[in-house]
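Trainee: Mind looking over this structure? Questions follow.
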Amino acid sequence: MTERNWYAESTEAVTAAFDVDPGTGLSGISAEERLKKYGPNKLDEKPPRTFLERFIDQLKDMMIIILFIAAGISLALSAYHASKGQEAEWIEPIVIVLIILVNGVLGVIQESKAEAALEALKKMSMPQVKVRRDGAAKVIQSAEVVPGDVILLEAGDVIPADCRLVASASLKSNESALTGESMPVEKSAIDEVPESALLAERTNMLYSGNSITYGRGTAVAVATGMDTEMGKIASMIASSKEGDTPLQEKLAQLGKYIGVIALLICAVIFLVGIMSGLHIIEMFMTAVSLAVAAIPEGLPAIVTIVLAIGVRRMVIKNAIIRRLPAVETLGSTTVICSDKTGTLTQNRMTLVKVFSDGAIRPLGWDGNAGNETARLLKLGALCTDGTVEIEDGVEKHIGDPTETSIVAAALRAGMTKEALLSECPRVGEIPFDSDRKLMTTVNMIDGKYTVIVKGAPDILYAKCISGDIDSAAAAGDEMSQDALRVLAVGCKEIAALPEKYGPDDLETGLDLVGLVGMIDPPRAEVKDSIEECVGAGIKTVMITGDHVVTASAIAKQLGILHDEGESLTGRQLAAMTDEQLDESVERYRVYARVSPSDKIRIVQAWQKKDQIVAMTGDGVNDAPALKASDIGCAMGITGTDVAKGASDMILTDDNFATIVSAIREGRGIYDNIRKAVRFLLSCNLGEIITVFAAMLLWQKSPLLPIQILWINLVTDSFPALALGMEMIEPGIMNRQPRKKDESLFSGGIGTATVIEGTLIGLLTLIAYYIGTRGSFLPNIGIELGETMCFSVLALSQLVHAMNVRSSHSLFKVGFLSNPYMVKALIASTLCVLAVLYVPFLSKAFKLSNMNAAEWGIVIALSLLPLAVCEVRKALFSSGKRRAEG
């Protein structure tokens with residue numbers, strides 16, 4: 001069936017287009033033919049990726065590719081040595097491959113199961129539905145619904161397909177999951193809807209996946225499966241591409257740089273050796289050994305583990321991370337695009353103000369209500385069909401949210417619905433309908449028949465003959481300006497029950513009792529969280545399917561909106577080109593009445609401004625934007641499975657404040673990763689300088705490849721992991737967010753890394769020189785020189801790990817303030833001592849024992865980085881204080 005705007009066509013045109021009579025429905029034969037033509041009423045399924053496919057994805061990182069090359073080169077080097085009858089170091093390539101495997105498995109374990117969003121959307125379909133076929137009502141599987149089926153719906157039913165109403169009675173549909181509209185939408189088959197109407201304004205349509213909250217309806221299915229609005233969202237989720245996080249981009253760039261540097265080192269050393277007259281093959285192997293040593297083999301695994309440690313810490317704080325690198329992305333977030341309903345608000349209509357006894361009165365949660373207010377709540381609750389139950393101390397609202405807000409307010413004032421009906425039984429009623437906009441009940445109160453009417457104030461005022469109507473009208477306008485939904489309540493006593501319950505008899509001559517105003521209120525903690533975001537340089541933007549007046553009122557309360565010109569409706573947005581939106585997106589803070597595709601446009605417009613965008617939400621309508629954003633945050637309690645499946649992070653307490661906490665953790669984790677990268681690269685630079693300078697000066701490497709690999713993979717790994725456990729530094733949320741293109745080495749980190757690496761390299765060369773040429777030592781020689789060189793290199797790096805912990809002096813931070821670092825230094829020191837003093841290890845590593853004097857020189861040289869860095873920190877701190885003064 002060609003896609004048409006069925007909402008803009010008459011019921012006759014719709015039924016003619018589908019060749020169906022609403023009174024008899026499709027024939028069984030016709031339904032079978034259409035099922036073959038259009039397929040089952042199900043969403044397309046994407047086969048989940050296998051463990052192997054996800055594992056291979058982990059291996060596409062540039063650093064991992066370099067490690068693969070390193071393993072291959074190391075294997076070739078070992079094979080060459082074996083072919084010459086020399087001792088082959090097979091352990092080196094084996095260790096590198098093990099690192100690759102561990103890194104890949106860790107990444108797969110931490111990341112989410114593949115593409116759960118489509119599976120969750122499929123599960124939302126109602127398993128059974130009532131249709132009219134061959135002139136009779138029958139129940140069929142939801143998957144068997146076809147275009148043209150006549151569907152019979154009543155309160156509580158889930159809508160199985162997109163439908164055009166052909167008959168309705170007081171019908172309301174909850175569309176919050178699709179449009180973001182917090183209130184049930186009145187639906188009518190006779191409504192005339194223009195072609196330009198937005199999704200939320202198509203009042204003669206029902207949409208798949210939503211539910212009926214009130215009334216009854218008959219509708220013709222106009223779209224099934226992937227052709228429904230729900231199916232279009234599924235298509236958007238499936239087609240949206242996941243970009244790399246800033247950390248992934250930076251590590252990939254770093255991997256490329258290291259690869260280029262390794263190749264340059266190979267070339268230079270090879271040329272130097274050839275010009276010095278050394279054997280070509282031996283120089284090639286020496287150059288390759290140095291290139292392998294230049295690669296920080298443990299970096300990918302350490303970054304993965306540090307991120308995993310952050311994930312565990314965030315779980316404790318009610319945030320579940322579904323994609324590992326997303327931890328870091330949180331820390332660089334510059335814009336939070338938040339859904340309103342259920343995210344910034346409580347997703348529960350709450351009665352907050354009443355007009356009674358001539359004045360507007362706020363209604364608190366303490367249950368205290370004056371006599372007139374108590375009367376208003378009592379009559380209002382009696383004239384409702386909704387109920388509120390208490391389960392395990394938690395209110396459970398059943399029925400229309402507007403009605404249940406009145407019942408809940410009466411409950412808090414000490415009046416349960418059951419007790420009220422027992423005391424004042426209902427003896428008659430006129431149900432609500434959208435034409436009258438009123439609901440009427442007749443209750444026996446104090447032995448008298450009392451008519452209670454509830455509904456739209458303007459309609460009810462005209463039915464009243466007593467009460468302060470002028471004051472009520474002014475109060476109603478004031479409450480409406482605060483985005484409250486306002487209902488009026490009136491009543492009268494009658495001598496006897498009428499023979500026929502009709503509006504003309506019961507809904508006249510009323511006494512105005514008062515007004516009730518309700519709203520889906522903001523969460524109590526959200527305002528403080530938004531203020532903290534402002535301090536952290538993070539912009540908060542509200543994106544909702546709700547009315548602009550309601551959205552703006554909530555946004556003003558929360559401090560998101562400061563000027564009416566900062567709000568935009570979906571209709572205004574639709575009139576904008578992408579270029580116009582890109583230019584003006586920074587101007588707006590509230591987007592109301594938007595569609596799912598609008599949300600993606602807004603997210604992408606911010607991303608074109610080089611902003612890192614977090615999108616929060618809980619409904620089906622949020623899923624595409626959640627996936628398109630840099631970091632999608634779904635609600636864990638109220639969130640749909642679809643939203644969770646499309647997200648990067650799930651907030652288990654549905655608390656907006658948890659996002660701020662997660663951003664703080666993300667910033668701290670990124671700081672710690674930078675510390676680990678700085679530590680590892682400065683150590684590797686020290687190794688490169690040591691070997692490179694020694695080759696230039698003495699045409700000999702003072703370190704064996706296995707010695708460098710031991711330091712890189714074993715000795716350095718423990719302190720690097722401990723750096724990932726450093727406490728978050730104070731004032732981290734007072735910083736501006738990092739720029740998207742900001743280097744890992746910004747803020748002087750690059751310069752510090754070079755200086756520290758150079759210092760370590762020079763100290764190591766000095767140790768080698770003393771061990772091989774120091775006339776004051778009795779045991780000088782190549783073996784002692786290599787041993788002292790190895791020891792100073794390893795121990796100075798351990799000392800340097802303490803320097804990297806903080807930009808503040810260690811005497812201020814505390815040497816023992818990170819217990820993980822203390823344990824790491826002890827473990828790494830034991831690893832160094834093991835290869836020096838365990839006989840089979842010292843033989844394998846070609847190291848010898850040292851006497852007390854030699855150890856004294858080693859320790860003195862190893863401690864020098866601590867002294868130099870402390871002096872540098874003191875000078876920097878002093879200069880900063882003078883600048884601020």
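In the structure tokens, each chain is lettered A, B, ... as it comes, each chain's residues begin at 1, and ligands are numbered from 1 in order of appearance.
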Near A:Met821, within 10 Å and counting only C-alpha atoms, which residues show up once chain neighbours fewer than 5 positions away are dropped, as an mmCIF file with N, CA and C atoms, in the first residue's frame?

Mentor:
```cif
data_model
loop_
_atom_site.group_PDB
_atom_site.id
_atom_site.type_symbol
_atom_site.label_atom_id
_atom_site.label_comp_id
_atom_site.auth_asym_id
_atom_site.auth_seq_id
_atom_site.Cartn_x
_atom_site.Cartn_y
_atom_site.Cartn_z
ATOM 1 N N PHE A 718 51.903 -2.422 36.772
ATOM 2 C CA PHE A 718 51.259 -2.249 38.093
ATOM 3 C C PHE A 718 51.103 -0.769 38.465
ATOM 4 N N PRO A 719 52.164 0.058 38.347
ATOM 5 C CA PRO A 719 51.981 1.484 38.657
ATOM 6 C C PRO A 719 50.996 2.174 37.705
ATOM 7 N N ALA A 720 50.999 1.775 36.428
ATOM 8 C CA ALA A 720 50.070 2.397 35.480
ATOM 9 C C ALA A 720 48.629 2.108 35.875
ATOM 10 N N LEU A 721 48.360 0.881 36.297
ATOM 11 C CA LEU A 721 47.007 0.542 36.760
ATOM 12 C C LEU A 721 46.668 1.306 38.036
ATOM 13 N N ALA A 722 47.647 1.462 38.926
ATOM 14 C CA ALA A 722 47.412 2.198 40.171
ATOM 15 C C ALA A 722 47.090 3.661 39.886
ATOM 16 N N LEU A 723 47.685 4.227 38.837
ATOM 17 C CA LEU A 723 47.353 5.593 38.454
ATOM 18 C C LEU A 723 45.881 5.706 38.051
ATOM 19 N N GLY A 724 45.340 4.630 37.493
ATOM 20 C CA GLY A 724 43.924 4.606 37.145
ATOM 21 C C GLY A 724 43.009 4.592 38.353
ATOM 22 N N MET A 725 43.559 4.313 39.536
ATOM 23 C CA MET A 725 42.779 4.270 40.777
ATOM 24 C C MET A 725 42.952 5.533 41.617
ATOM 25 N N GLU A 726 43.641 6.536 41.065
ATOM 26 C CA GLU A 726 43.825 7.781 41.813
ATOM 27 C C GLU A 726 42.477 8.439 42.101
ATOM 28 N N LEU A 798 59.687 3.513 38.388
ATOM 29 C CA LEU A 798 58.787 3.324 39.530
ATOM 30 C C LEU A 798 58.714 4.602 40.370
ATOM 31 N N ALA A 801 56.515 7.124 38.683
ATOM 32 C CA ALA A 801 55.075 6.891 38.817
ATOM 33 C C ALA A 801 54.492 7.745 39.937
ATOM 34 N N MET A 802 55.256 7.961 41.002
ATOM 35 C CA MET A 802 54.793 8.816 42.099
ATOM 36 C C MET A 802 54.690 10.274 41.648
ATOM 37 N N ARG A 805 51.331 11.160 39.748
ATOM 38 C CA ARG A 805 50.056 11.028 40.456
ATOM 39 C C ARG A 805 49.264 12.323 40.510
ATOM 40 N N PHE A 815 52.329 10.518 50.301
ATOM 41 C CA PHE A 815 52.971 9.393 49.636
ATOM 42 C C PHE A 815 52.119 8.127 49.708
ATOM 43 N N LEU A 816 51.319 7.994 50.760
ATOM 44 C CA LEU A 816 50.561 6.759 50.983
ATOM 45 C C LEU A 816 49.061 6.943 50.731
ATOM 46 N N ILE A 826 55.479 -1.945 45.438
ATOM 47 C CA ILE A 826 56.080 -3.110 46.111
ATOM 48 C C ILE A 826 56.138 -4.293 45.151
ATOM 49 N N ALA A 827 55.027 -4.539 44.429
ATOM 50 C CA ALA A 827 54.983 -5.671 43.491
ATOM 51 C C ALA A 827 56.000 -5.492 42.373
#
```

Trainee: Which of stretch 302-414 of chain A end up as helix (DSSP H, G or I) when DSSP is run on this backbone - answer as a ChimeraX atom specification?

Mentor: /A:302-316,326-331,340-344,371-382,401-412

Trainee: Could you turn the residues from that selection into a file that holds C-alpha atoms, as a PDB file, in the first residue's frame?

Mentor:
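File produced: part.pdb:
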```
ATOM      1  CA  ILE A 302      45.917  -0.743  30.762  1.00  0.00           C
ATOM      2  CA  VAL A 303      43.519   1.796  29.209  1.00  0.00           C
ATOM      3  CA  THR A 304      40.858  -0.942  28.942  1.00  0.00           C
ATOM      4  CA  ILE A 305      41.368  -1.992  32.570  1.00  0.00           C
ATOM      5  CA  VAL A 306      41.304   1.622  33.832  1.00  0.00           C
ATOM      6  CA  LEU A 307      38.012   2.136  31.981  1.00  0.00           C
ATOM      7  CA  ALA A 308      36.664  -1.106  33.471  1.00  0.00           C
ATOM      8  CA  ILE A 309      37.658   0.085  36.954  1.00  0.00           C
ATOM      9  CA  GLY A 310      35.717   3.284  36.244  1.00  0.00           C
ATOM     10  CA  VAL A 311      32.711   1.225  35.168  1.00  0.00           C
ATOM     11  CA  ARG A 312      32.669  -0.601  38.504  1.00  0.00           C
ATOM     12  CA  ARG A 313      32.899   2.676  40.404  1.00  0.00           C
ATOM     13  CA  MET A 314      30.016   4.122  38.394  1.00  0.00           C
ATOM     14  CA  VAL A 315      27.787   1.100  39.044  1.00  0.00           C
ATOM     15  CA  ILE A 316      27.999   1.939  42.745  1.00  0.00           C
ATOM     16  CA  ALA A 326      31.749   5.834  26.728  1.00  0.00           C
ATOM     17  CA  VAL A 327      33.090   6.317  30.277  1.00  0.00           C
ATOM     18  CA  GLU A 328      35.591   8.832  28.967  1.00  0.00           C
ATOM     19  CA  THR A 329      33.083  10.491  26.628  1.00  0.00           C
ATOM     20  CA  LEU A 330      30.986  11.490  29.639  1.00  0.00           C
ATOM     21  CA  GLY A 331      33.870  13.525  30.991  1.00  0.00           C
ATOM     22  CA  LYS A 340      11.357  16.282  29.708  1.00  0.00           C
ATOM     23  CA  THR A 341       8.809  13.628  30.566  1.00  0.00           C
ATOM     24  CA  GLY A 342      10.196  11.146  33.077  1.00  0.00           C
ATOM     25  CA  THR A 343      13.706  12.571  32.938  1.00  0.00           C
ATOM     26  CA  LEU A 344      13.503  16.147  34.166  1.00  0.00           C
ATOM     27  CA  ASN A 371     -12.456  22.331  54.985  1.00  0.00           C
ATOM     28  CA  GLU A 372     -13.262  23.836  51.553  1.00  0.00           C
ATOM     29  CA  THR A 373     -10.200  22.273  49.967  1.00  0.00           C
ATOM     30  CA  ALA A 374     -11.052  18.899  51.529  1.00  0.00           C
ATOM     31  CA  ARG A 375     -14.585  19.188  50.131  1.00  0.00           C
ATOM     32  CA  LEU A 376     -13.225  20.036  46.683  1.00  0.00           C
ATOM     33  CA  LEU A 377     -10.887  17.005  46.747  1.00  0.00           C
ATOM     34  CA  LYS A 378     -13.643  14.731  48.028  1.00  0.00           C
ATOM     35  CA  LEU A 379     -16.085  15.688  45.279  1.00  0.00           C
ATOM     36  CA  GLY A 380     -13.352  15.637  42.631  1.00  0.00           C
ATOM     37  CA  ALA A 381     -12.232  12.133  43.655  1.00  0.00           C
ATOM     38  CA  LEU A 382     -15.814  10.836  43.623  1.00  0.00           C
ATOM     39  CA  PRO A 401      -3.326  10.453  34.978  1.00  0.00           C
ATOM     40  CA  THR A 402      -5.422  13.598  35.440  1.00  0.00           C
ATOM     41  CA  GLU A 403      -8.004  11.669  37.446  1.00  0.00           C
ATOM     42  CA  THR A 404      -5.461   9.720  39.476  1.00  0.00           C
ATOM     43  CA  SER A 405      -3.748  12.983  40.483  1.00  0.00           C
ATOM     44  CA  ILE A 406      -7.047  14.068  42.127  1.00  0.00           C
ATOM     45  CA  VAL A 407      -7.471  10.666  43.799  1.00  0.00           C
ATOM     46  CA  ALA A 408      -3.854  10.779  45.055  1.00  0.00           C
ATOM     47  CA  ALA A 409      -4.369  14.287  46.480  1.00  0.00           C
ATOM     48  CA  ALA A 410      -7.497  13.112  48.314  1.00  0.00           C
ATOM     49  CA  LEU A 411      -5.563  10.088  49.598  1.00  0.00           C
ATOM     50  CA  ARG A 412      -2.844  12.339  51.030  1.00  0.00           C
TER      51      ARG A 412
END
```

Trainee: Any idea what's packed within 12 Å of stretch 772-785 of chain A, counting only C-alpha atoms, ignoring anything in its chain fewer than 2 positions away? Could you give it as a ChimeraX atom specification?

Mentor: /A:694,698,700-704,764-770,787-793,836,842-843,845-858

Trainee: So what do you get for atom CA of A:Ser78 versus atom CA of A:Glu786, distance-wise?

Mentor: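 Calculated distance between atom CA of A:Ser78 and atom CA of A:Glu786 is 21.1 Å.
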
Trainee: Looking at A:Met727, A:Val835, A:Leu75, A:Cys337, which one is nearest to A:Val585, with distances taken over only C-alpha atoms?

Mentor: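 Closest residue, counting only C-alpha atoms: A:Cys337.
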
Trainee: List every residue of stretch 340-528 of chain A that DSSP, applied to the backbone of this structure, assigns to strand (DSSP E), and report them as a count of residues only.

Mentor: 68

Trainee: May I have a table of the residues of stretch 482-537 of chain A lying at most 9 Å from stretch 427-447 of chain A, giving each one's closest pair of atoms and their distance in Å to one decimal, counting only C-alpha atoms, ordered by chain and ascending residue number, as JSON lines?

Mentor:
```
{"residue": "A:Leu497", "atom": "CA", "partner": "A:Gly428", "partner_atom": "CA", "distance": 8.3}
{"residue": "A:Tyr501", "atom": "CA", "partner": "A:Ile430", "partner_atom": "CA", "distance": 6.6}
{"residue": "A:Gly502", "atom": "CA", "partner": "A:Ile430", "partner_atom": "CA", "distance": 7.1}
{"residue": "A:Pro503", "atom": "CA", "partner": "A:Ile430", "partner_atom": "CA", "distance": 7.6}
{"residue": "A:Leu506", "atom": "CA", "partner": "A:Thr440", "partner_atom": "CA", "distance": 7.9}
{"residue": "A:Glu507", "atom": "CA", "partner": "A:Thr440", "partner_atom": "CA", "distance": 7.5}
```

Trainee: Would you export the selected residues with all heavy atoms as a compact mmCIF listing (two decimals), in the first residue's frame, please?

Mentor:
```txt
# COMPACT_ATOMS: atom_id res chain seq x y z
N LEU A 497 -33.74 10.61 41.43
CA LEU A 497 -32.94 10.20 40.28
C LEU A 497 -33.76 10.36 39.01
O LEU A 497 -34.95 10.02 38.99
CB LEU A 497 -32.50 8.74 40.42
CG LEU A 497 -31.50 8.44 41.54
CD1 LEU A 497 -31.24 6.94 41.62
CD2 LEU A 497 -30.19 9.20 41.33
N TYR A 501 -30.35 9.59 32.29
CA TYR A 501 -29.22 10.45 32.65
C TYR A 501 -28.76 11.20 31.40
O TYR A 501 -28.12 10.64 30.51
CB TYR A 501 -28.06 9.61 33.21
CG TYR A 501 -28.37 9.02 34.56
CD1 TYR A 501 -28.91 7.74 34.68
CD2 TYR A 501 -28.14 9.75 35.72
CE1 TYR A 501 -29.21 7.20 35.91
CE2 TYR A 501 -28.43 9.22 36.96
CZ TYR A 501 -28.96 7.95 37.06
OH TYR A 501 -29.27 7.43 38.30
N GLY A 502 -29.10 12.50 31.33
CA GLY A 502 -28.71 13.31 30.20
C GLY A 502 -28.10 14.62 30.65
O GLY A 502 -28.41 15.13 31.74
N PRO A 503 -27.23 15.21 29.85
CA PRO A 503 -26.58 16.47 30.22
C PRO A 503 -27.57 17.60 30.48
O PRO A 503 -27.36 18.41 31.38
CB PRO A 503 -25.70 16.78 29.00
CG PRO A 503 -25.48 15.46 28.33
CD PRO A 503 -26.72 14.68 28.57
N LEU A 506 -28.86 17.02 34.19
CA LEU A 506 -27.92 16.99 35.32
C LEU A 506 -26.87 18.08 35.28
O LEU A 506 -26.41 18.54 36.33
CB LEU A 506 -27.24 15.62 35.38
CG LEU A 506 -28.15 14.42 35.63
CD1 LEU A 506 -27.33 13.14 35.70
CD2 LEU A 506 -28.95 14.60 36.91
N GLU A 507 -26.44 18.50 34.07
CA GLU A 507 -25.31 19.43 33.98
C GLU A 507 -25.78 20.87 33.81
O GLU A 507 -25.29 21.63 32.98
CB GLU A 507 -24.39 19.01 32.82
CG GLU A 507 -23.73 17.65 33.07
CD GLU A 507 -22.93 17.13 31.88
OE1 GLU A 507 -23.00 17.76 30.80
OE2 GLU A 507 -22.25 16.09 32.01
```
